[in-house]
Amino acid sequence: MQYKPKRSRAIALPSSDFRARATEYLDFLAAWVKKPRQTASVVPSSRYLARLMVAQIDPADGRVLELGGGTGVFTRAILETGLPPERLEVVEINPAFARGLRRHFPHVSVLETPAQIVSTATAGDPGDYQTVVSGLPLLAMDRHVHADILSEAFRMLKPGGSLVQFTYSMRPPVSREILDALGLDVVRAGHTVRNFPPATVFRFFRRGE
């Protein structure tokens, strides 16, 4: 009997999904080439990291603010929790990324406003937001910028609300000195090696809440 080798089957991604991921990668790579310090990574965050970032969102519990929307990996994950798009606002100061976000998420408000003064542009009022999801590269920023961003974020958050931040380090990206000055604390919320580079997620919250 003549042996006939079996043909391997190729598993194809849905064309729309493949195109979306390819576009995200190319957009991210172009941004990294232009401003590597601001973009911080050469590839977008993975969907595994995105799931950790949005794990505590309750679609029925108020507005959500995303800082540093990038190509929309976290934006998509936030909406997949069931949160209505009109309750999500995404901050993105890179004009190319902002255009892409508006194209892919036409019902989401995209704010080209610095995170330090985001309250001047949001539709919601201070205290209306359940969660702030941050994709900002805090490790590439100065410490005084950390203080300004966290101060503004917690101005927008309601009692019991928290800011979720990822970093490529195993340690929180904000110093204990700044946290003490702002009356905040931090816990590790998760870690994934299914991201490049591997990433750790931290949750910041007001002490006593």
# chains A, B, ... in the order shown; residues from 1 in each chain; ligands from 1
call {"tool": "select_by_dssp", "arguments": {"residues": "stretch 29-205 of chain A", "states": "strand (DSSP E)", "output": "CSV table (one decimal) with C-alpha atoms, in the first residue's frame"}}
result
chain,number,residue,atom,x,y,z
A,63,ARG,CA,-19.5,55.8,33.0
A,64,VAL,CA,-16.0,54.6,32.1
A,65,LEU,CA,-13.0,56.7,31.1
A,66,GLU,CA,-10.1,55.3,29.1
A,67,LEU,CA,-6.8,57.1,29.0
A,88,LEU,CA,-17.5,55.5,27.4
A,89,GLU,CA,-15.1,58.3,26.7
A,90,VAL,CA,-11.6,57.7,25.3
A,91,VAL,CA,-8.7,60.1,25.7
A,109,SER,CA,-16.6,60.0,22.3
A,110,VAL,CA,-12.8,60.5,21.6
A,111,LEU,CA,-11.2,63.4,23.5
A,129,TYR,CA,-17.2,57.4,36.6
A,130,GLN,CA,-16.9,53.8,37.9
A,131,THR,CA,-13.5,53.0,36.4
A,132,VAL,CA,-10.6,54.7,34.7
A,133,VAL,CA,-8.8,52.3,32.3
A,134,SER,CA,-5.3,53.6,31.6
A,157,LEU,CA,-14.2,58.7,39.9
A,158,LYS,CA,-17.1,58.1,42.3
A,159,PRO,CA,-16.6,56.7,45.8
A,160,GLY,CA,-15.3,53.1,45.5
A,161,GLY,CA,-14.1,53.7,41.9
A,162,SER,CA,-10.6,52.7,40.8
A,163,LEU,CA,-8.0,53.3,38.2
A,164,VAL,CA,-6.6,50.3,36.4
A,165,GLN,CA,-3.1,50.6,34.9
A,166,PHE,CA,-0.8,48.1,33.2
A,167,THR,CA,3.0,48.2,33.1
A,184,LEU,CA,-4.2,56.3,47.4
A,185,ASP,CA,-3.2,52.7,47.6
A,186,VAL,CA,-2.5,50.0,45.0
A,187,VAL,CA,-2.8,46.3,44.6
A,188,ARG,CA,-1.7,43.9,41.9
A,189,ALA,CA,-4.7,42.8,39.9
A,190,GLY,CA,-3.2,40.4,37.5
A,191,HIS,CA,-0.3,39.4,35.2
A,192,THR,CA,-0.1,37.9,31.7
A,199,ALA,CA,2.5,42.8,31.5
A,200,THR,CA,1.3,43.4,35.0
A,201,VAL,CA,-2.0,45.1,35.9
A,202,PHE,CA,-2.4,47.2,39.0
A,203,ARG,CA,-5.5,48.7,40.5
A,204,PHE,CA,-5.3,52.1,42.3
A,205,PHE,CA,-8.0,53.1,44.8
call {"tool": "residues_around", "arguments": {"residues": "stretch 57-59 of chain A", "least_positions_apart": "4", "cutoff": "8 Å", "atoms": "only C-alpha atoms", "output": "PyMOL selection string"}}
result
chain A and resi 78+81-84+130-131
call {"tool": "residues_around", "arguments": {"residues": "A:Leu150", "least_positions_apart": "5", "cutoff": "9 Å", "atoms": "only C-alpha atoms", "output": "VMD selection string"}}
result
chain A and resid 116 145 155 163 179 182 204
call {"tool": "decode", "arguments": {"residues": "stretch 158-203 of chain A", "atoms": "N, CA and C atoms", "output": "mmCIF file, in the first residue's frame"}}
result
data_model
loop_
_atom_site.group_PDB
_atom_site.id
_atom_site.type_symbol
_atom_site.label_atom_id
_atom_site.label_comp_id
_atom_site.auth_asym_id
_atom_site.auth_seq_id
_atom_site.Cartn_x
_atom_site.Cartn_y
_atom_site.Cartn_z
ATOM 1 N N LYS A 158 -16.188 58.069 41.136
ATOM 2 C CA LYS A 158 -17.123 58.096 42.258
ATOM 3 C C LYS A 158 -16.530 57.336 43.440
ATOM 4 N N PRO A 159 -17.092 57.461 44.627
ATOM 5 C CA PRO A 159 -16.609 56.693 45.775
ATOM 6 C C PRO A 159 -16.584 55.196 45.459
ATOM 7 N N GLY A 160 -15.481 54.549 45.776
ATOM 8 C CA GLY A 160 -15.325 53.133 45.477
ATOM 9 C C GLY A 160 -14.772 52.854 44.094
ATOM 10 N N GLY A 161 -14.643 53.894 43.276
ATOM 11 C CA GLY A 161 -14.106 53.709 41.932
ATOM 12 C C GLY A 161 -12.606 53.503 41.950
ATOM 13 N N SER A 162 -12.067 52.972 40.859
ATOM 14 C CA SER A 162 -10.631 52.699 40.816
ATOM 15 C C SER A 162 -10.058 52.968 39.435
ATOM 16 N N LEU A 163 -8.749 53.177 39.416
ATOM 17 C CA LEU A 163 -8.004 53.322 38.173
ATOM 18 C C LEU A 163 -7.226 52.035 37.943
ATOM 19 N N VAL A 164 -7.338 51.484 36.733
ATOM 20 C CA VAL A 164 -6.632 50.253 36.368
ATOM 21 C C VAL A 164 -5.535 50.617 35.377
ATOM 22 N N GLN A 165 -4.319 50.197 35.680
ATOM 23 C CA GLN A 165 -3.147 50.577 34.892
ATOM 24 C C GLN A 165 -2.275 49.348 34.659
ATOM 25 N N PHE A 166 -1.766 49.193 33.435
ATOM 26 C CA PHE A 166 -0.821 48.101 33.213
ATOM 27 C C PHE A 166 0.584 48.664 33.061
ATOM 28 N N THR A 167 1.568 47.811 33.285
ATOM 29 C CA THR A 167 2.955 48.199 33.141
ATOM 30 C C THR A 167 3.771 46.972 32.776
ATOM 31 N N TYR A 168 4.957 47.174 32.210
ATOM 32 C CA TYR A 168 5.829 46.054 31.849
ATOM 33 C C TYR A 168 6.774 45.687 32.985
ATOM 34 N N SER A 169 6.582 46.301 34.128
ATOM 35 C CA SER A 169 7.374 46.002 35.317
ATOM 36 C C SER A 169 6.520 45.203 36.294
ATOM 37 N N MET A 170 7.171 44.509 37.230
ATOM 38 C CA MET A 170 6.447 43.782 38.271
ATOM 39 C C MET A 170 6.086 44.692 39.434
ATOM 40 N N ARG A 171 6.570 45.929 39.401
ATOM 41 C CA ARG A 171 6.288 46.885 40.473
ATOM 42 C C ARG A 171 5.343 47.968 39.968
ATOM 43 N N PRO A 172 4.550 48.566 40.856
ATOM 44 C CA PRO A 172 3.659 49.653 40.429
ATOM 45 C C PRO A 172 4.439 50.783 39.773
ATOM 46 N N PRO A 173 3.878 51.420 38.748
ATOM 47 C CA PRO A 173 4.592 52.484 38.034
ATOM 48 C C PRO A 173 4.560 53.836 38.737
ATOM 49 N N VAL A 174 3.871 53.919 39.877
ATOM 50 C CA VAL A 174 3.761 55.167 40.631
ATOM 51 C C VAL A 174 4.397 54.956 42.003
ATOM 52 N N SER A 175 5.198 55.909 42.445
ATOM 53 C CA SER A 175 5.939 55.757 43.697
ATOM 54 C C SER A 175 5.018 55.806 44.917
ATOM 55 N N ARG A 176 5.482 55.190 45.997
ATOM 56 C CA ARG A 176 4.739 55.210 47.249
ATOM 57 C C ARG A 176 4.590 56.631 47.771
ATOM 58 N N GLU A 177 5.580 57.476 47.539
ATOM 59 C CA GLU A 177 5.519 58.866 47.988
ATOM 60 C C GLU A 177 4.327 59.604 47.375
ATOM 61 N N ILE A 178 4.111 59.405 46.072
ATOM 62 C CA ILE A 178 2.986 60.055 45.394
ATOM 63 C C ILE A 178 1.662 59.478 45.882
ATOM 64 N N LEU A 179 1.604 58.162 46.044
ATOM 65 C CA LEU A 179 0.378 57.538 46.530
ATOM 66 C C LEU A 179 0.018 58.051 47.918
ATOM 67 N N ASP A 180 1.008 58.176 48.790
ATOM 68 C CA ASP A 180 0.755 58.683 50.141
ATOM 69 C C ASP A 180 0.238 60.116 50.092
ATOM 70 N N ALA A 181 0.834 60.920 49.219
ATOM 71 C CA ALA A 181 0.426 62.325 49.130
ATOM 72 C C ALA A 181 -1.012 62.468 48.640
ATOM 73 N N LEU A 182 -1.457 61.527 47.806
ATOM 74 C CA LEU A 182 -2.808 61.590 47.237
ATOM 75 C C LEU A 182 -3.822 60.769 48.021
ATOM 76 N N GLY A 183 -3.373 60.072 49.061
ATOM 77 C CA GLY A 183 -4.285 59.242 49.842
ATOM 78 C C GLY A 183 -4.759 58.015 49.089
ATOM 79 N N LEU A 184 -3.878 57.441 48.258
ATOM 80 C CA LEU A 184 -4.232 56.297 47.434
ATOM 81 C C LEU A 184 -3.444 55.062 47.844
ATOM 82 N N ASP A 185 -3.941 53.916 47.411
ATOM 83 C CA ASP A 185 -3.216 52.671 47.591
ATOM 84 C C ASP A 185 -3.299 51.884 46.288
ATOM 85 N N VAL A 186 -2.535 50.790 46.202
ATOM 86 C CA VAL A 186 -2.478 50.025 44.964
ATOM 87 C C VAL A 186 -2.342 48.546 45.287
ATOM 88 N N VAL A 187 -2.980 47.712 44.464
ATOM 89 C CA VAL A 187 -2.827 46.261 44.569
ATOM 90 C C VAL A 187 -2.578 45.705 43.172
ATOM 91 N N ARG A 188 -1.894 44.592 43.142
ATOM 92 C CA ARG A 188 -1.675 43.894 41.876
ATOM 93 C C ARG A 188 -2.959 43.153 41.510
ATOM 94 N N ALA A 189 -3.478 43.398 40.315
ATOM 95 C CA ALA A 189 -4.748 42.815 39.894
ATOM 96 C C ALA A 189 -4.580 41.654 38.924
ATOM 97 N N GLY A 190 -3.386 41.453 38.397
ATOM 98 C CA GLY A 190 -3.185 40.350 37.466
ATOM 99 C C GLY A 190 -1.886 40.488 36.706
ATOM 100 N N HIS A 191 -1.520 39.401 36.021
ATOM 101 C CA HIS A 191 -0.291 39.383 35.220
ATOM 102 C C HIS A 191 -0.512 38.441 34.048
ATOM 103 N N THR A 192 0.016 38.782 32.892
ATOM 104 C CA THR A 192 -0.073 37.897 31.744
ATOM 105 C C THR A 192 1.240 37.860 30.978
ATOM 106 N N VAL A 193 1.649 36.654 30.612
ATOM 107 C CA VAL A 193 2.814 36.497 29.734
ATOM 108 C C VAL A 193 2.363 36.461 28.276
ATOM 109 N N ARG A 194 1.043 36.444 28.069
ATOM 110 C CA ARG A 194 0.507 36.412 26.703
ATOM 111 C C ARG A 194 0.334 37.839 26.190
ATOM 112 N N ASN A 195 1.412 38.558 26.272
ATOM 113 C CA ASN A 195 1.491 39.944 25.811
ATOM 114 C C ASN A 195 2.963 40.184 25.532
ATOM 115 N N PHE A 196 3.260 41.111 24.632
ATOM 116 C CA PHE A 196 4.661 41.436 24.358
ATOM 117 C C PHE A 196 4.899 42.915 24.585
ATOM 118 N N PRO A 197 5.745 43.225 25.606
ATOM 119 C CA PRO A 197 6.325 42.328 26.609
ATOM 120 C C PRO A 197 5.252 41.846 27.600
ATOM 121 N N PRO A 198 5.571 40.817 28.435
ATOM 122 C CA PRO A 198 4.636 40.418 29.497
ATOM 123 C C PRO A 198 4.257 41.625 30.350
ATOM 124 N N ALA A 199 3.027 41.653 30.825
ATOM 125 C CA ALA A 199 2.514 42.849 31.499
ATOM 126 C C ALA A 199 1.843 42.506 32.823
ATOM 127 N N THR A 200 1.911 43.467 33.743
ATOM 128 C CA THR A 200 1.255 43.357 35.042
ATOM 129 C C THR A 200 0.205 44.450 35.150
ATOM 130 N N VAL A 201 -0.942 44.108 35.720
ATOM 131 C CA VAL A 201 -2.045 45.055 35.884
ATOM 132 C C VAL A 201 -2.157 45.430 37.361
ATOM 133 N N PHE A 202 -2.251 46.726 37.629
ATOM 134 C CA PHE A 202 -2.405 47.235 38.990
ATOM 135 C C PHE A 202 -3.703 48.023 39.092
ATOM 136 N N ARG A 203 -4.322 47.951 40.275
ATOM 137 C CA ARG A 203 -5.545 48.714 40.538
ATOM 138 C C ARG A 203 -5.269 49.717 41.650
#
